$ cat coords_32.txt   # compact mmCIF, C-alpha atoms
# COMPACT_ATOMS: atom_id res chain seq x y z
CA MET A 24 130.79 55.77 -9.78
CA THR A 25 131.03 53.24 -6.93
CA ARG A 26 127.25 52.78 -6.95
CA TRP A 27 127.15 50.30 -9.84
CA PRO A 28 129.71 47.78 -8.48
CA ARG A 29 128.05 48.03 -5.09
CA ALA A 30 124.61 47.50 -6.57
CA PHE A 31 125.89 44.54 -8.61
CA ALA A 32 127.55 42.99 -5.54
CA LEU A 33 124.31 43.45 -3.61
CA PHE A 34 122.36 41.81 -6.44
CA CYS A 35 124.77 38.84 -6.48
CA TYR A 36 124.47 38.46 -2.71
CA GLU A 37 120.67 38.61 -2.83
CA PHE A 38 120.64 36.17 -5.75
CA ALA A 39 122.91 33.55 -4.21
CA VAL A 40 122.27 33.98 -0.49
CA GLY A 41 119.20 36.13 0.20
CA ASP A 42 117.29 34.99 3.27
CA THR A 43 118.57 31.41 3.01
CA PRO A 44 122.27 31.51 3.99
CA GLU A 45 122.01 27.87 5.10
CA LEU A 46 121.46 26.84 1.48
CA ALA A 47 124.44 28.79 0.11
CA ILE A 48 126.79 27.49 2.80
CA GLY A 49 125.32 23.99 2.69
CA VAL A 50 125.68 23.65 -1.09
CA GLY A 51 129.35 24.70 -0.85
CA LEU A 52 129.98 22.06 1.82
CA VAL A 53 128.08 19.39 -0.14
CA ILE A 54 130.15 19.99 -3.29
CA VAL A 55 133.45 19.90 -1.37
CA ALA A 56 132.44 16.73 0.48
CA THR A 57 131.26 15.10 -2.77
CA TRP A 58 134.59 15.95 -4.39
CA ALA A 59 136.44 14.40 -1.43
CA LEU A 60 134.37 11.21 -1.61
CA ALA A 61 134.21 10.82 -5.40
CA GLY A 62 137.89 11.66 -5.80
CA LYS A 63 138.79 8.25 -4.40
CA HIS A 64 136.74 6.55 -7.16
CA SER A 65 134.19 5.60 -4.60
CA PRO A 66 130.48 5.25 -5.48
CA LEU A 67 129.83 7.05 -2.19
CA GLY A 68 129.88 10.41 -3.98
CA PHE A 69 126.91 9.33 -6.12
CA TRP A 70 124.74 8.53 -3.10
CA PHE A 71 126.13 11.26 -0.90
CA ILE A 72 125.21 14.23 -3.10
CA GLN A 73 121.55 13.13 -3.38
CA ALA A 74 121.20 12.43 0.33
CA ALA A 75 122.97 15.66 1.29
CA VAL A 76 120.82 17.80 -1.03
CA THR A 77 117.67 16.17 0.39
CA LEU A 78 118.88 16.83 3.94
CA LEU A 79 119.72 20.43 3.05
CA LEU A 80 116.20 20.99 1.71
CA ALA A 81 114.69 19.43 4.84
CA VAL A 82 116.78 21.65 7.14
CA SER A 83 115.90 24.79 5.19
CA LEU A 84 112.18 23.89 5.16
CA TRP A 85 112.29 23.24 8.89
CA ARG A 86 113.94 26.64 9.41
CA GLY A 87 111.28 28.30 7.23
CA ALA A 88 108.44 26.58 9.08
CA VAL A 89 109.87 27.39 12.52
CA THR A 90 110.35 31.06 11.54
CA LYS A 91 106.72 31.23 10.42
CA ALA A 92 105.52 29.53 13.60
CA ARG A 93 107.34 32.12 15.72
CA THR A 94 105.82 35.13 13.92
CA MET B 2 118.04 14.11 -26.01
CA THR B 3 116.64 13.72 -22.48
CA ALA B 4 118.93 16.42 -21.11
CA THR B 5 118.19 18.79 -24.01
CA LEU B 6 114.43 18.45 -23.51
CA LEU B 7 114.71 18.96 -19.76
CA ILE B 8 116.94 22.01 -20.28
CA ALA B 9 114.43 23.54 -22.69
CA LEU B 10 111.57 22.88 -20.25
CA ALA B 11 113.47 24.22 -17.23
CA VAL B 12 114.56 27.40 -19.01
CA PHE B 13 111.09 27.91 -20.51
CA GLY B 14 109.37 27.53 -17.12
CA ALA B 15 111.82 29.74 -15.23
CA SER B 16 111.71 32.41 -17.93
CA ALA B 17 107.91 32.38 -17.98
CA VAL B 18 107.73 32.92 -14.21
CA GLU B 19 110.25 35.77 -14.28
CA THR B 20 108.60 37.36 -17.33
CA VAL B 21 105.24 37.48 -15.56
CA GLU B 22 106.90 39.41 -12.74
CA ALA B 23 108.71 41.79 -15.10
CA LEU B 24 105.60 42.33 -17.20
CA THR B 25 103.59 43.33 -14.12
CA ILE B 26 106.07 46.15 -13.44
CA VAL B 27 106.14 47.28 -17.10
CA PHE B 28 102.31 47.33 -17.18
CA ALA B 29 102.15 49.40 -14.00
CA ALA B 30 104.77 51.85 -15.32
CA GLY B 31 103.10 52.04 -18.74
CA LEU B 32 99.60 52.75 -17.47
CA THR B 33 100.65 55.34 -14.90
CA ARG B 34 103.66 57.06 -16.50
CA GLY B 35 103.07 56.50 -20.21
CA TRP B 36 103.76 53.57 -22.51
CA ARG B 37 106.55 55.23 -24.47
CA SER B 38 108.96 55.50 -21.51
CA ALA B 39 107.91 52.15 -20.05
CA LEU B 40 108.56 50.34 -23.33
CA GLU B 41 111.81 52.19 -23.91
CA GLY B 42 112.97 51.22 -20.42
CA ALA B 43 112.04 47.58 -21.03
CA ALA B 44 113.77 47.59 -24.44
CA ALA B 45 116.93 49.17 -22.98
CA ALA B 46 117.07 46.52 -20.23
CA PHE B 47 116.48 43.77 -22.79
CA GLY B 48 119.40 45.12 -24.83
CA CYS B 49 121.66 45.10 -21.75
CA LEU B 50 120.71 41.48 -21.05
CA LEU B 51 121.53 40.45 -24.62
CA VAL B 52 124.96 42.07 -24.25
CA VAL B 53 125.57 40.15 -21.00
CA VAL B 54 124.74 36.83 -22.73
CA ALA B 55 126.84 37.71 -25.79
CA VAL B 56 129.86 38.76 -23.68
CA PHE B 57 129.83 36.17 -20.91
CA GLY B 58 128.63 33.17 -22.93
CA PRO B 59 131.59 32.75 -25.31
CA THR B 60 134.09 34.00 -22.69
CA LEU B 61 133.08 31.35 -20.17
CA VAL B 62 133.03 28.59 -22.80
CA ASN B 63 136.46 29.46 -24.21
CA TYR B 64 138.43 30.27 -21.07
CA VAL B 65 137.03 28.24 -18.18
CA PRO B 66 137.80 24.48 -17.92
CA ILE B 67 134.62 22.41 -18.27
CA ASN B 68 134.89 20.69 -14.87
CA VAL B 69 135.40 24.00 -13.06
CA LEU B 70 132.45 25.41 -14.97
CA ARG B 71 130.32 22.41 -14.01
CA VAL B 72 131.15 22.72 -10.31
CA VAL B 73 130.42 26.46 -10.27
CA VAL B 74 127.31 26.13 -12.42
CA GLY B 75 126.10 23.07 -10.50
CA SER B 76 126.50 24.92 -7.20
CA LEU B 77 124.63 27.97 -8.52
CA LEU B 78 121.82 25.82 -9.90
CA LEU B 79 121.57 23.91 -6.63
CA VAL B 80 121.33 27.11 -4.59
CA LEU B 81 118.80 28.69 -6.95
CA GLY B 82 116.78 25.48 -7.36
CA LEU B 83 116.66 24.80 -3.62
CA GLN B 84 115.56 28.41 -3.00
CA TRP B 85 112.72 28.05 -5.53
CA LEU B 86 111.71 24.61 -4.23
CA ARG B 87 111.74 25.76 -0.61
CA LYS B 88 109.66 28.85 -1.42
CA ALA B 89 107.14 26.83 -3.49
CA ILE B 90 106.76 24.11 -0.81
CA LEU B 91 106.31 26.68 1.98
CA ARG B 92 103.72 28.53 -0.15
CA ALA B 93 101.90 25.32 -1.08
CA THR B 94 101.57 24.36 2.60
CA GLY B 95 100.59 27.81 3.87
CA TYR B 96 103.83 28.55 5.71
CA ARG B 97 104.47 31.45 3.39
CA PRO B 98 102.02 33.86 1.73
CA LYS B 99 101.22 33.24 -1.91
CA HIS B 100 102.63 35.57 -4.57
CA ASP B 101 99.91 37.78 -6.00
CA GLU B 102 100.63 39.70 -9.23
CA ASP B 103 97.45 41.74 -8.79
CA ALA B 104 98.61 43.02 -5.40
CA ILE B 105 102.05 43.86 -6.81
CA TYR B 106 100.44 45.64 -9.76
CA HIS B 107 98.18 47.79 -7.57
CA ARG B 108 101.06 48.59 -5.22
CA GLU B 109 103.24 49.70 -8.15
CA VAL B 110 100.43 51.80 -9.64
CA GLU B 111 99.92 53.55 -6.32
CA ARG B 112 103.64 54.14 -5.94
CA LEU B 113 104.01 55.52 -9.46
CA SER B 114 100.97 57.82 -9.41
CA GLY B 115 102.65 61.19 -9.13
CA PRO B 116 103.47 64.32 -11.11
CA PRO B 117 102.37 64.22 -14.77
CA ARG B 118 104.81 63.19 -17.46
CA THR B 119 106.44 65.69 -19.79
CA GLN B 120 104.83 66.87 -23.04
CA SER B 121 107.34 64.93 -25.12
CA GLY B 122 105.75 61.77 -23.79
CA ARG B 123 108.97 60.69 -22.05
CA ASP B 124 109.04 60.12 -18.33
CA ALA B 125 112.22 59.40 -16.39
CA ILE B 126 110.43 57.59 -13.55
CA GLY B 127 108.49 55.32 -15.92
CA PHE B 128 111.69 54.54 -17.85
CA THR B 129 113.72 53.79 -14.71
CA ILE B 130 111.09 51.61 -13.04
CA SER B 131 110.53 49.62 -16.20
CA PHE B 132 114.27 49.33 -16.88
CA LYS B 133 115.07 48.14 -13.35
CA GLY B 134 112.17 45.69 -13.28
CA VAL B 135 113.09 44.04 -16.57
CA LEU B 136 116.84 44.08 -15.81
CA LEU B 137 116.50 42.46 -12.38
CA GLU B 138 113.99 39.79 -13.38
CA GLY B 139 115.81 39.30 -16.68
CA MET B 140 119.14 38.83 -14.93
CA GLU B 141 117.72 35.73 -13.26
CA ILE B 142 116.71 34.40 -16.68
CA VAL B 143 120.21 35.16 -18.00
CA MET B 144 121.82 33.31 -15.08
CA ILE B 145 119.67 30.25 -15.73
CA VAL B 146 120.23 30.39 -19.51
CA LEU B 147 124.00 30.73 -19.10
CA THR B 148 124.37 28.08 -16.41
CA LEU B 149 122.14 25.46 -18.03
CA GLY B 150 123.20 26.30 -21.58
CA LEU B 151 126.94 26.36 -20.99
CA SER B 152 127.21 23.22 -18.86
CA SER B 153 125.30 21.16 -21.37
CA GLY B 154 126.75 22.80 -24.47
CA HIS B 155 123.23 23.77 -25.53
CA LEU B 156 123.37 27.54 -25.17
CA LEU B 157 121.30 28.02 -28.32
CA VAL B 158 118.53 25.69 -27.05
CA ALA B 159 118.49 27.45 -23.67
CA SER B 160 118.45 30.93 -25.26
CA SER B 161 115.67 29.95 -27.67
CA ALA B 162 113.54 28.47 -24.89
CA ALA B 163 113.95 31.66 -22.83
CA LEU B 164 113.10 33.87 -25.80
CA ALA B 165 110.04 31.74 -26.62
CA ALA B 166 108.80 32.04 -23.01
CA VAL B 167 109.33 35.82 -22.96
CA ILE B 168 107.50 36.28 -26.28
CA LEU B 169 104.65 33.93 -25.30
CA VAL B 170 104.07 35.49 -21.86
CA ALA B 171 104.34 39.04 -23.25
CA ALA B 172 101.89 38.20 -26.07
CA VAL B 173 99.40 36.62 -23.65
CA GLY B 174 99.82 39.59 -21.29
CA VAL B 175 99.10 42.09 -24.07
CA LEU B 176 96.18 40.08 -25.46
CA VAL B 177 94.37 39.61 -22.18
CA SER B 178 95.42 43.07 -20.92
CA ARG B 179 95.69 42.04 -17.33
CA GLN B 180 98.28 40.84 -14.90
CA LEU B 181 98.38 37.17 -15.78
CA ARG B 182 96.98 36.20 -12.41
CA GLU B 183 95.79 32.88 -13.78
CA VAL B 184 99.34 31.71 -14.38
CA PRO B 185 99.91 28.90 -11.83
CA GLU B 186 103.11 30.53 -10.66
CA ASN B 187 103.67 28.37 -7.59
CA ALA B 188 103.21 25.10 -9.49
CA MET B 189 105.62 26.35 -12.16
CA LYS B 190 108.12 27.42 -9.54
CA LEU B 191 107.89 23.98 -7.95
CA ALA B 192 108.46 22.18 -11.27
CA VAL B 193 111.33 24.46 -12.29
CA GLY B 194 112.87 24.21 -8.82
CA LEU B 195 112.85 20.41 -9.15
CA MET B 196 114.56 20.59 -12.53
CA LEU B 197 117.19 23.07 -11.34
CA VAL B 198 118.01 20.94 -8.29
CA SER B 199 118.31 17.85 -10.52
CA PHE B 200 120.62 19.61 -12.99
CA GLY B 201 122.58 21.16 -10.13
CA SER B 202 123.15 17.75 -8.51
CA PHE B 203 124.07 16.24 -11.87
CA TRP B 204 126.62 18.84 -12.96
CA GLY B 205 127.87 19.71 -9.49
CA GLY B 206 128.47 16.00 -8.90
CA GLN B 207 130.00 15.44 -12.32
CA GLY B 208 132.36 18.38 -11.86
CA ALA B 209 133.32 17.00 -8.44
CA GLY B 210 134.14 13.61 -9.96
CA VAL B 211 130.90 11.63 -9.64
CA SER B 212 130.27 9.20 -12.48
CA TRP B 213 126.51 9.03 -13.07
CA PRO B 214 125.23 5.62 -14.16
CA GLY B 215 123.40 5.85 -17.48
CA GLY B 216 124.79 9.30 -18.27
CA ASP B 217 122.10 11.88 -19.06
CA LEU B 218 119.36 9.35 -18.27
CA SER B 219 120.20 9.55 -14.59
CA LEU B 220 118.73 13.09 -14.71
CA LEU B 221 115.30 11.44 -14.90
CA GLY B 222 116.11 9.35 -11.84
CA LEU B 223 117.24 12.45 -9.94
CA LEU B 224 114.10 14.30 -10.99
CA ALA B 225 111.86 11.44 -9.84
CA GLY B 226 113.72 11.09 -6.53
CA TYR B 227 113.52 14.80 -5.70
CA ALA B 228 109.85 14.86 -6.80
CA VAL B 229 109.09 12.13 -4.22
CA VAL B 230 110.98 14.09 -1.54
CA THR B 231 109.01 17.23 -2.44
CA TRP B 232 105.71 15.36 -2.32
CA LEU B 233 106.58 13.94 1.10
CA ALA B 234 107.63 17.40 2.35
CA ILE B 235 104.33 18.94 1.19
CA ARG B 236 102.35 16.15 2.83
CA PHE B 237 104.28 16.38 6.08
CA LEU B 238 104.19 20.19 6.33
CA GLY B 239 100.55 20.24 5.21
CA GLN B 240 99.57 17.83 7.99
CA ALA B 241 101.62 19.75 10.56
CA GLY B 242 99.19 22.65 9.99
CA SER B 243 100.06 26.30 9.63
CA GLY B 244 97.06 28.57 10.07
CA PRO B 245 95.26 30.54 7.37
CA VAL B 246 96.98 31.15 4.07
CA GLN B 247 97.61 34.83 3.36
CA VAL B 248 98.02 36.32 -0.09
CA VAL B 249 100.42 39.20 -0.56
CA GLY B 250 102.52 40.66 -3.31

$ encode --input "coords_32.txt" --output "structure tokens"
Amino acid sequence: MTRWPRAFALFCYEFAVGDTPELAIGVGLVIVATWALAGKHSPLGFWFIQAAVTLLLAVSLWRGAVTKART
Amino acid sequence: MTATLLIALAVFGASAVETVEALTIVFAAGLTRGWRSALEGAAAAFGCLLVVVAVFGPTLVNYVPINVLRVVVGSLLLVLGLQWLRKAILRATGYRPKHDEDAIYHREVERLSGPPRTQSGRDAIGFTISFKGVLLEGMEIVMIVLTLGLSSGHLLVASSAALAAVILVAAVGVLVSRQLREVPENAMKLAVGLMLVSFGSFWGGQGAGVSWPGGDLSLLGLLAGYAVVTWLAIRFLGQAGSGPVQVVG
């Protein structure tokens, strides 16, 4: 009976995290930081989220490329 | 109008990619274990997915505040979109092997070739494999339909686009009777990844308090900006060199 919840939890983990934990953690941090910046009615939030998402993609690509280079 | 069109395109593209993967598994199960069980498994999974949409769709709309929904949905879309974009860029530049439906199909056929099915025409293995394949790939479609549909208030548009993609890909798959290897899966994944990241930034930001200039129109700006970043990443990684490109399932 415990197999289904476990399987569902595993599916959710694979779906959201998988082999890219840096993206899951990074997106959480980006949203919190955007909320902190935009909450003060600053236009910084608008620029920050785009720059942070771009940086996150670059970091994850770099990690993927380095992993491939090592194997 | 802009957002609605982009939502329909994003859901259609994502659903088409996932349907190709699910169809490959159903084909392998059908040809090796019998079509009756494979189709019953696929139909059962499809029914489960419809129940998930019917239960979670209205519940989320009615009980979760819109800004909370946007933050959660935006975050999910960002994670999913960045995963797709990363995978597509790494595949396009040879840092990751390309996805090959033919290889997956042959691997599944080999795995499923076993004891003969029962005389009734039903086969538990064929049913289970088909059910799991459609349920897992379909769950990704459901996630995208729910997240994009609910945040924008266009659940019907998102559901219709997904259904149209499933029907179209299934029809093409049946008509050509092969594993849809000509579908430019990586290019589609790249385009859909771009759209998901754009929507994720838009709604995640909006839920977090960002006021986007031009409203929905800023989605086009986000899409163009991320497309330039993707193009630069492909150029940079492509020039960095990565050895021969492998093709695996």

$ atom_distance --input "coords_32.txt" --atom1 "atom CA of B:Leu86" --atom2 "atom CA of B:Leu191"
5.4 Å

$ interface_residues --input "coords_32.txt" --of "chain B" --to "chain A" --cutoff "8 Å" --atoms "only C-alpha atoms" --output "PyMOL selection string"
chain B and resi 72+76-77+79-81+83-84+87+91+96-97+202+205-206+209-213+223+227+230+234+243

$ residues_around --input "coords_32.txt" --residues "B:Leu24" --least-positions-apart "4" --cutoff "8 Å" --atoms "all atoms listed in the file" --output "PyMOL selection string"
chain B and resi 20+28+135+171+174+180

$ residues_around --input "coords_32.txt" --residues "B:Arg123" --least-positions-apart "4" --cutoff "9 Å" --atoms "only C-alpha atoms" --output "JSON, numbers by chain"
{"B": [34, 35, 36, 37, 38, 39, 118, 119, 127, 128]}

$ axis_aligned_box --input "coords_32.txt" --around "stretch 57-63 of chain A" --padding-each-side "4 Å" --output "lines of an AutoDock Vina configuration file"
center_x = 135.0
center_y = 12.1
center_z = -3.6
size_x = 15.5
size_y = 15.7
size_z = 12.4

$ atom_distance --input "coords_32.txt" --atom1 "atom CA of B:Asn68" --atom2 "atom CA of B:Gly208"
4.6 Å

$ atom_distance --input "coords_32.txt" --atom1 "atom CA of B:Gly48" --atom2 "atom CA of B:Ser153"
24.9 Å

$ residues_around --input "coords_32.txt" --residues "B:Phe57" --least-positions-apart "4" --cutoff "12 Å" --atoms "all atoms listed in the file" --output "ChimeraX atom specification"
/B:50-53,61-65,143-144,146-148,150-151,156

$ residues_near_point --input "coords_32.txt" --point "(101.6, 44.3, -23.2)" --cutoff "12 Å" --atoms "only C-alpha atoms" --output "ChimeraX atom specification"
/B:20-21,23-32,36,39-40,43,167-181

$ write_last_selection --input "coords_32.txt" --atoms "C-alpha atoms" --output "CSV table (one decimal), in the coordinates of the input"
chain,number,residue,atom,x,y,z
B,20,THR,CA,108.6,37.4,-17.3
B,21,VAL,CA,105.2,37.5,-15.6
B,23,ALA,CA,108.7,41.8,-15.1
B,24,LEU,CA,105.6,42.3,-17.2
B,25,THR,CA,103.6,43.3,-14.1
B,26,ILE,CA,106.1,46.2,-13.4
B,27,VAL,CA,106.1,47.3,-17.1
B,28,PHE,CA,102.3,47.3,-17.2
B,29,ALA,CA,102.2,49.4,-14.0
B,30,ALA,CA,104.8,51.8,-15.3
B,31,GLY,CA,103.1,52.0,-18.7
B,32,LEU,CA,99.6,52.8,-17.5
B,36,TRP,CA,103.8,53.6,-22.5
B,39,ALA,CA,107.9,52.2,-20.0
B,40,LEU,CA,108.6,50.3,-23.3
B,43,ALA,CA,112.0,47.6,-21.0
B,167,VAL,CA,109.3,35.8,-23.0
B,168,ILE,CA,107.5,36.3,-26.3
B,169,LEU,CA,104.6,33.9,-25.3
B,170,VAL,CA,104.1,35.5,-21.9
B,171,ALA,CA,104.3,39.0,-23.2
B,172,ALA,CA,101.9,38.2,-26.1
B,173,VAL,CA,99.4,36.6,-23.6
B,174,GLY,CA,99.8,39.6,-21.3
B,175,VAL,CA,99.1,42.1,-24.1
B,176,LEU,CA,96.2,40.1,-25.5
B,177,VAL,CA,94.4,39.6,-22.2
B,178,SER,CA,95.4,43.1,-20.9
B,179,ARG,CA,95.7,42.0,-17.3
B,180,GLN,CA,98.3,40.8,-14.9
B,181,LEU,CA,98.4,37.2,-15.8

$ residues_near_point --input "coords_32.txt" --point "(115.1, 32.6, -25.0)" --cutoff "10 Å" --atoms "only C-alpha atoms" --output "PyMOL selection string"
chain B and resi 9+12-13+16+142-143+146+156-168

$ residues_around --input "coords_32.txt" --residues "stretch 194-198 of chain B" --least-positions-apart "2" --cutoff "6 Å" --atoms "all atoms listed in the file" --output "list in words"
Leu78, Leu79, Gly82, Trp85, Leu86, Lys190, Leu191, Ala192, Phe200 and Gly201 of chain B

$ decode --input "coords_32.txt" --residues "stretch 39-51 of chain A" --atoms "N, CA and C atoms" --output "tab-separated table (two decimals), in the first residue's frame"
chain	number	residue	atom	x	y	z
A	39	ALA	N	10.88	17.31	-10.91
A	39	ALA	CA	11.30	18.66	-10.53
A	39	ALA	C	12.82	18.80	-10.36
A	40	VAL	N	13.47	17.74	-9.95
A	40	VAL	CA	14.91	17.84	-9.66
A	40	VAL	C	15.73	17.03	-10.66
A	41	GLY	N	15.50	15.73	-10.71
A	41	GLY	CA	16.22	14.87	-11.65
A	41	GLY	C	17.72	14.98	-11.48
A	42	ASP	N	18.43	15.11	-12.62
A	42	ASP	CA	19.89	15.22	-12.53
A	42	ASP	C	20.35	16.67	-12.59
A	43	THR	N	19.42	17.61	-12.36
A	43	THR	CA	19.80	19.03	-12.35
A	43	THR	C	19.33	19.71	-11.06
A	44	PRO	N	19.89	19.30	-9.91
A	44	PRO	CA	19.47	19.92	-8.65
A	44	PRO	C	19.77	21.42	-8.61
A	45	GLU	N	20.80	21.84	-9.38
A	45	GLU	CA	21.16	23.26	-9.38
A	45	GLU	C	20.03	24.13	-9.93
A	46	LEU	N	19.25	23.55	-10.86
A	46	LEU	CA	18.13	24.32	-11.43
A	46	LEU	C	17.00	24.45	-10.43
A	47	ALA	N	16.68	23.34	-9.74
A	47	ALA	CA	15.57	23.38	-8.76
A	47	ALA	C	15.90	24.36	-7.62
A	48	ILE	N	17.11	24.25	-7.10
A	48	ILE	CA	17.51	25.13	-5.99
A	48	ILE	C	17.61	26.58	-6.49
A	49	GLY	N	18.24	26.74	-7.66
A	49	GLY	CA	18.45	28.07	-8.23
A	49	GLY	C	17.14	28.80	-8.49
A	50	VAL	N	16.15	28.09	-9.05
A	50	VAL	CA	14.86	28.73	-9.34
A	50	VAL	C	14.20	29.20	-8.05
A	51	GLY	N	14.27	28.36	-7.00
A	51	GLY	CA	13.71	28.76	-5.70
A	51	GLY	C	14.35	30.04	-5.19
